[in-house]
Structures are given as structure tokens and as C-alpha cells.
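Below: the structure, in C-alpha cells.
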Amino acid sequence: TTRMQILNGRITSGVDYTYILIPQKAGTFEIGPATVSEGGSAATSNVVTLTITGEASPRAGSAQQQDLFVTAGVSTTSPYVNEQVVYTFRLFRSIRIANARLDSPSFQGCRVESLGKEKEYETTINGKTFIVTEVRQALFPTREGTIEIEPAKLSCEAVAQSHRRGFFSDPFFDDSLFGFSSTEPKMLHTNPIALEVKPLPLEGKTSRFSGLVGQFTVSTDISKRHLEVGDTATLTITIKGSGNIRDAAAPEMPAAADFKIYDDKPVLSIQEGAERFSGTFTLKKALVPLKEGRLQVPELAFTYFDPGQGHYALCKSAPLTIEATPPGNKEKLQLVEALGTTTSKEEVKI
């Protein structure tokens with residue numbers, strides 16, 4: 001900040017540099033001296049000695065007695081690998097602040113997903129009203145063992161009310177209107193959080209395990225129940241759930257000699273504003289019946305790990321039935337059969 005003073009016709013000015021320090025360990029440390037050089041001469045500041053003691057044990061409720069503080073927490077400190085952990089950062093303030101800047105942890109050892117925009121609401125603690133700004137993120141530990149979440153840091157300027165006497169002490173002259181408020185820089189930080197990540201159990205794990213950890217469902221639907229041999233019906237496979245839905249893949253399709261099957265590109269949609277990271281994985285397959293009659297589309301199944309229950313769960317769809325009638329155009333079936341075996345893109349276009 002810069003300042004200027006005029007006293008008895010003499011002008012003096014200065015520049016103040018303010019730094020906020022957060023001790024990283026206990027001990028005695030010296031800061032300085034600072035040196036300013038100009039025109040061949042130098043000015044040197046004094047040296048400041050700091051003695052940092054061990055971390056204090058705050059009294060219960062001491063944070064809530066402050067006007068400005070931050071907290072961080074997780075939904076569980078002992079997750080499984082790839083289990084969703086909801087990390088919540090909260091800023092509590094009963095005073096005005098400006099120029100707030102949040103420096104989030106790096107979350108090393110975890111994949112990170114946003115849980116939407118920050119929320120703001122009011123709460124009362126020990127009879128005192130606070131405005132709370134809440135930021136939530138979903139973490140997915142990628143390895144077993146101890147993962148430490150670093151402190152989150154928030155810098156801001158706390159707006160202090162000016163206490164002026166005389167004419168400007170009239171309540172009419174509000175600080176915010178006439179710019180009489182002063183600000184004080186603040187640096188707030190949360191405590192680190194340790195996650196003890198457990199490996200997925202081997203018991204119950206089979207080749208059907210898809211890699212999903214959470215809670216999921218699967219369903220299938222067919223666009224046509226009655227069609228001619230050689231026509232196309234669209235099979236839609238939908239996997240919904242809460243967890244690492246980005247790792248979803250189409251369940252293995254059992255052998256179906258009665259159909260030619262063509263895969264489409266899958267689509268993943270994430271549910272916005274959910275309490276937990278959730279989404280829908282959709283895959284479409286084109287089914288072309290190769291013979292007439294009552295044809296069965298087999299059920300699709302996979303297993304996922306349910307961390308709430310602590311075991312693997314089977315997820316499967318219901319089988320579907322298609323009525324295929326003889327083709328009205330015999331050449332249509334021959335064309336489908338030819339395209340099913342060709343490797344030439346030009347022939348497919350024809």
C-alpha cells in the first residue's frame with residue numbers, strides 16, 4: 001500500500017509491503033534484514049526473530065467465537081481404492097470481506113471431480129449468525145495406503161468498521177458509501193487430512209468385475225419389438241449410478257448368432273448439482289435379425305464393488321424378445337449379410 005503525509009508544508013510518502021506467514025514447523029527463525037538500494041546507497045531494516053512453538057490445542061468452540069474462519073472435512077477417512085470421498089471446504093464469516101482467493105489442495109493420489117458451483121447460506125453458531133460459502137469436490141483415491149490432503153488456504157481482506165468521532169460519526173455516513181472502511185489482510189488455512197485407503201478385497205472378485213465402485217444399476221431397451229429380417233432395431237444399454245461412473249464400459253454381450261450387431265459411440269452425462277458424483281453411461285447397439293421367429297436378446301450383467309456393504313454386487317438387465325418376420329425384400333437380407341463380412345468402407349457405402 002502507498003501513503004502520503006503533508007505536515008507543515010513538508011510532504012513525506014511511503015510504500016508498505018505486507019506478507020502473511022504460516023509456520024510450517026516449530027523452532028526459532030530470523031526474518032530479514034530487508035535492503036533497499038537507490039543511487040549507490042542502501043538502507044537496511046532490522047531483523048525480526050520468531051519463536052514457533054508446537055501446534056496448540058484449541059479450546060472447544062474457539063473457532064466459532066471468531067468472526068472469520070475456515071474448515072475442511074471428508075465423508076470418510078478410510079475409503080477403498082476408487083471409492084468416492086466427498087471433500088467439503090467451508091468459509092464462515094460474520095464480517096464483510098473482499099478479494100477472497102481460495103488455494104485448493106493438489107489432492108495428489110486422487111482423481112478429482114467438481115460437485116457443482118459453490119453454495120452460500122446462513123447458519124447460527126452459539127447465537128452468532130454466519131454466512132457460509134461451501135465448496136464440495138469428489139475425490140477418488142487411485143492407490144492404497146496413506147494419502148494426505150494438504151491444507152486449503154484462503155487469502156482475503158477483512159473489512160473493518162471505522163470509528164470516527166465528530167461530524168462523520170453520524171450513522172448517515174455509512175462506511176461503505178463514503179469509503180471510510182479500512183481492510184486488513186487475512187490468511188486462513190484448514191488442517192491437513194489423512195486418508196487411509198484400503199485395497200479392494202479379493203474375495204468375491206470375478207472376471208465380471210467392471211472396475212466400478214459405488215452403487216449402480218443397468219437397464220436395456222429395444223426400439224422395435226416387431227420387425228422384418230434384415231431391418232434394424234436399436235438396443236440401448238443404460239448404466240446409472242453414484243461413484244466412478246467415468247470408468248463405466250459396456251457389459252460384455254453374450255454370443256447372439258441370430259443377430260448382426262453394430263456398436264455406436266457411448267455417451268456419458270454427468271448429473272449436475274448432485275450431493276455425490278453421479279451420472280449416466282449410455283451405449284446404443286444396432287441389432288439386425290438374421291432369421292425369422294421369436295428371437296431372444298440376452299441379459300447383460302456385470303459386478304461392481306459396493307463400499308457401503310463391503311462386498312461385490314451383481315448388476316444385470318432383463319432379457320428382451322424380438323418378433324422377426326420374413327423380409328419383404330430378399331435382397332435386403334443379402335445386403336446385410338454382405339456388409340457384415342466386408343472390410344471395405346466403400347462397399348459399406350454402396
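Naming works like this for the C-alpha cells: A, B, ... for the chains as they're shown, residue 1 at the start of each chain, ligands 1 onward in shown order.
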
Write out as CSV a residue-level contact list of segment 146-251 of chain A versus segment 270-286 of chain A with cut-off 6 Å: for each qualifying residue the closest pair of atoms and the distance in Å to one decimal, counting only C-alpha atoms, rows sorted by chain and residue number upward.
residue,atom,partner,partner_atom,distance
A:Ala233,CA,A:Ala286,CA,5.8
A:Thr234,CA,A:Ala286,CA,4.7
A:Leu235,CA,A:Lys285,CA,5.0
A:Thr236,CA,A:Lys284,CA,4.5
A:Ile237,CA,A:Leu283,CA,5.2
A:Thr238,CA,A:Thr282,CA,4.6
A:Ile239,CA,A:Phe281,CA,5.0
A:Lys240,CA,A:Thr280,CA,4.5
A:Gly241,CA,A:Ser278,CA,5.7
A:Ser242,CA,A:Ser278,CA,4.2

Figure out the distance between atom CA of Val197 of chain A and atom CA of Gln108 of chain A, please, to one decimal in Å.
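Atom CA of Val197 of chain A lies 13.1 Å from atom CA of Gln108 of chain A.
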
Please identify which residues in segment 70-235 of chain A DSSP calls helix (DSSP H, G or I) from the backbone, and express them as a PDB file with all heavy atoms, in the first residue's frame.
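New file selection-v2.pdb:
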ATOM      1  N   GLY A 166     -17.070  12.949  15.810  1.00  0.00           N
ATOM      2  CA  GLY A 166     -17.448  14.223  15.217  1.00  0.00           C
ATOM      3  C   GLY A 166     -18.508  14.057  14.162  1.00  0.00           C
ATOM      4  O   GLY A 166     -19.360  13.175  14.222  1.00  0.00           O
ATOM      5  N   PHE A 167     -18.388  14.928  13.164  1.00  0.00           N
ATOM      6  CA  PHE A 167     -19.416  15.025  12.140  1.00  0.00           C
ATOM      7  C   PHE A 167     -19.660  13.688  11.451  1.00  0.00           C
ATOM      8  O   PHE A 167     -20.786  13.277  11.226  1.00  0.00           O
ATOM      9  CB  PHE A 167     -18.994  16.096  11.118  1.00  0.00           C
ATOM     10  CG  PHE A 167     -19.984  16.290  10.010  1.00  0.00           C
ATOM     11  CD1 PHE A 167     -21.188  16.948  10.237  1.00  0.00           C
ATOM     12  CD2 PHE A 167     -19.719  15.816   8.745  1.00  0.00           C
ATOM     13  CE1 PHE A 167     -22.096  17.125   9.217  1.00  0.00           C
ATOM     14  CE2 PHE A 167     -20.626  16.000   7.719  1.00  0.00           C
ATOM     15  CZ  PHE A 167     -21.806  16.656   7.957  1.00  0.00           C
ATOM     16  N   PHE A 168     -18.562  12.955  11.109  1.00  0.00           N
ATOM     17  CA  PHE A 168     -18.704  11.724  10.334  1.00  0.00           C
ATOM     18  C   PHE A 168     -19.064  10.523  11.190  1.00  0.00           C
ATOM     19  O   PHE A 168     -19.130   9.417  10.710  1.00  0.00           O
ATOM     20  CB  PHE A 168     -17.422  11.447   9.539  1.00  0.00           C
ATOM     21  CG  PHE A 168     -17.228  12.384   8.386  1.00  0.00           C
ATOM     22  CD1 PHE A 168     -16.246  13.358   8.434  1.00  0.00           C
ATOM     23  CD2 PHE A 168     -18.045  12.319   7.276  1.00  0.00           C
ATOM     24  CE1 PHE A 168     -16.078  14.220   7.383  1.00  0.00           C
ATOM     25  CE2 PHE A 168     -17.880  13.177   6.213  1.00  0.00           C
ATOM     26  CZ  PHE A 168     -16.896  14.153   6.268  1.00  0.00           C
ATOM     27  N   SER A 169     -19.269  10.705  12.484  1.00  0.00           N
ATOM     28  CA  SER A 169     -19.732   9.595  13.304  1.00  0.00           C
ATOM     29  C   SER A 169     -21.238   9.396  13.170  1.00  0.00           C
ATOM     30  O   SER A 169     -21.787   8.436  13.677  1.00  0.00           O
ATOM     31  CB  SER A 169     -19.383   9.835  14.783  1.00  0.00           C
ATOM     32  OG  SER A 169     -20.071  10.977  15.275  1.00  0.00           O
ATOM     33  N   ASP A 175     -19.955   3.688   6.167  1.00  0.00           N
ATOM     34  CA  ASP A 175     -18.589   3.471   5.689  1.00  0.00           C
ATOM     35  C   ASP A 175     -18.550   3.038   4.226  1.00  0.00           C
ATOM     36  O   ASP A 175     -17.732   3.527   3.456  1.00  0.00           O
ATOM     37  CB  ASP A 175     -17.908   2.394   6.540  1.00  0.00           C
ATOM     38  CG  ASP A 175     -17.491   2.941   7.903  1.00  0.00           C
ATOM     39  OD1 ASP A 175     -17.607   4.153   8.080  1.00  0.00           O
ATOM     40  OD2 ASP A 175     -17.075   2.136   8.746  1.00  0.00           O
ATOM     41  N   SER A 176     -19.447   2.084   3.873  1.00  0.00           N
ATOM     42  CA  SER A 176     -19.400   1.560   2.522  1.00  0.00           C
ATOM     43  C   SER A 176     -19.753   2.609   1.490  1.00  0.00           C
ATOM     44  O   SER A 176     -19.313   2.558   0.352  1.00  0.00           O
ATOM     45  CB  SER A 176     -20.346   0.363   2.398  1.00  0.00           C
ATOM     46  OG  SER A 176     -21.676   0.767   2.682  1.00  0.00           O
ATOM     47  N   LEU A 177     -20.542   3.622   1.896  1.00  0.00           N
ATOM     48  CA  LEU A 177     -20.969   4.661   0.959  1.00  0.00           C
ATOM     49  C   LEU A 177     -19.866   5.689   0.743  1.00  0.00           C
ATOM     50  O   LEU A 177     -19.607   6.135  -0.361  1.00  0.00           O
ATOM     51  CB  LEU A 177     -22.238   5.335   1.474  1.00  0.00           C
ATOM     52  CG  LEU A 177     -22.815   6.456   0.608  1.00  0.00           C
ATOM     53  CD1 LEU A 177     -23.220   5.912  -0.758  1.00  0.00           C
ATOM     54  CD2 LEU A 177     -24.004   7.108   1.306  1.00  0.00           C
ATOM     55  N   PHE A 178     -19.192   6.088   1.821  1.00  0.00           N
ATOM     56  CA  PHE A 178     -18.207   7.159   1.714  1.00  0.00           C
ATOM     57  C   PHE A 178     -16.769   6.651   1.709  1.00  0.00           C
ATOM     58  O   PHE A 178     -15.837   7.442   1.737  1.00  0.00           O
ATOM     59  CB  PHE A 178     -18.399   8.149   2.878  1.00  0.00           C
ATOM     60  CG  PHE A 178     -19.639   8.990   2.707  1.00  0.00           C
ATOM     61  CD1 PHE A 178     -20.846   8.563   3.227  1.00  0.00           C
ATOM     62  CD2 PHE A 178     -19.614  10.175   1.994  1.00  0.00           C
ATOM     63  CE1 PHE A 178     -21.990   9.315   3.065  1.00  0.00           C
ATOM     64  CE2 PHE A 178     -20.754  10.924   1.825  1.00  0.00           C
ATOM     65  CZ  PHE A 178     -21.963  10.501   2.359  1.00  0.00           C
TER      66      PHE A 178
END

Just checking: using only C-alpha atoms, which residue out of A:Pro151, A:Pro105, A:Pro307, A:Gly293 ends up closest to His226 of chain A?
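Closest residue, counting only C-alpha atoms: A:Gly293.
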
Please identify the strand (DSSP E) residues within segment 124-260 of chain A (assignment by DSSP from backbone atoms) and present them as number ranges by chain.
A: 124-125, 128-141, 145-149, 153-160, 182-189, 193-197, 209-222, 226-228, 233-243, 259-260

Any idea what's packed within 10 Å of Ile22 of chain A, counting only C-alpha atoms, ignoring anything in its chain fewer than 5 positions away? Could you give it as a ChimeraX atom specification?
/A:187-189

Skip Glu184 of chain A itself and residues of its chain fewer than 6 positions away, then list as a VMD selection string all residues within 9 Å of it, counting only C-alpha atoms.
chain A and resid 156 to 160

Create the file for the chosen residues now, containing C-alpha atoms and written as a PDB file, in the first residue's frame.
ATOM      1  CA  CYS A 156      -8.800 -12.183   1.708  1.00  0.00           C
ATOM      2  CA  GLU A 157      -9.140  -8.673   3.056  1.00  0.00           C
ATOM      3  CA  ALA A 158     -11.328  -8.259   6.108  1.00  0.00           C
ATOM      4  CA  VAL A 159     -13.291  -5.007   6.078  1.00  0.00           C
ATOM      5  CA  ALA A 160     -13.070  -3.213   9.410  1.00  0.00           C
TER       6      ALA A 160
END

Pick out the residues sitting within 10 Å of Phe140 of chain A, and hand them over as a PyMOL selection string; count only C-alpha atoms, and ignore anything fewer than 3 positions along from it in its own chain.
chain A and resi 79-86+107+109-113+143+213+243-244

Neighbour list for Arg101 of chain A as a PyMOL selection string, cut-off 9 Å, only C-alpha atoms, skip fewer than 3 positions in-chain
chain A and resi 153-156

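Between atom CA of Val288 of chain A and atom CA of Ala324 of chain A the interatomic distance comes to 9.7 Å.
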
Selected residue of minimal separation from Glu144 of chain A among A:Ser78, A:Thr123, A:Thr190, A:Gln24, counting only C-alpha atoms:
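With only C-alpha atoms as the atom set, the closest residue is A:Ser78.
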
A straight line from atom CA of Val70 of chain A to atom CA of Ile97 of chain A spans 13.4 Å
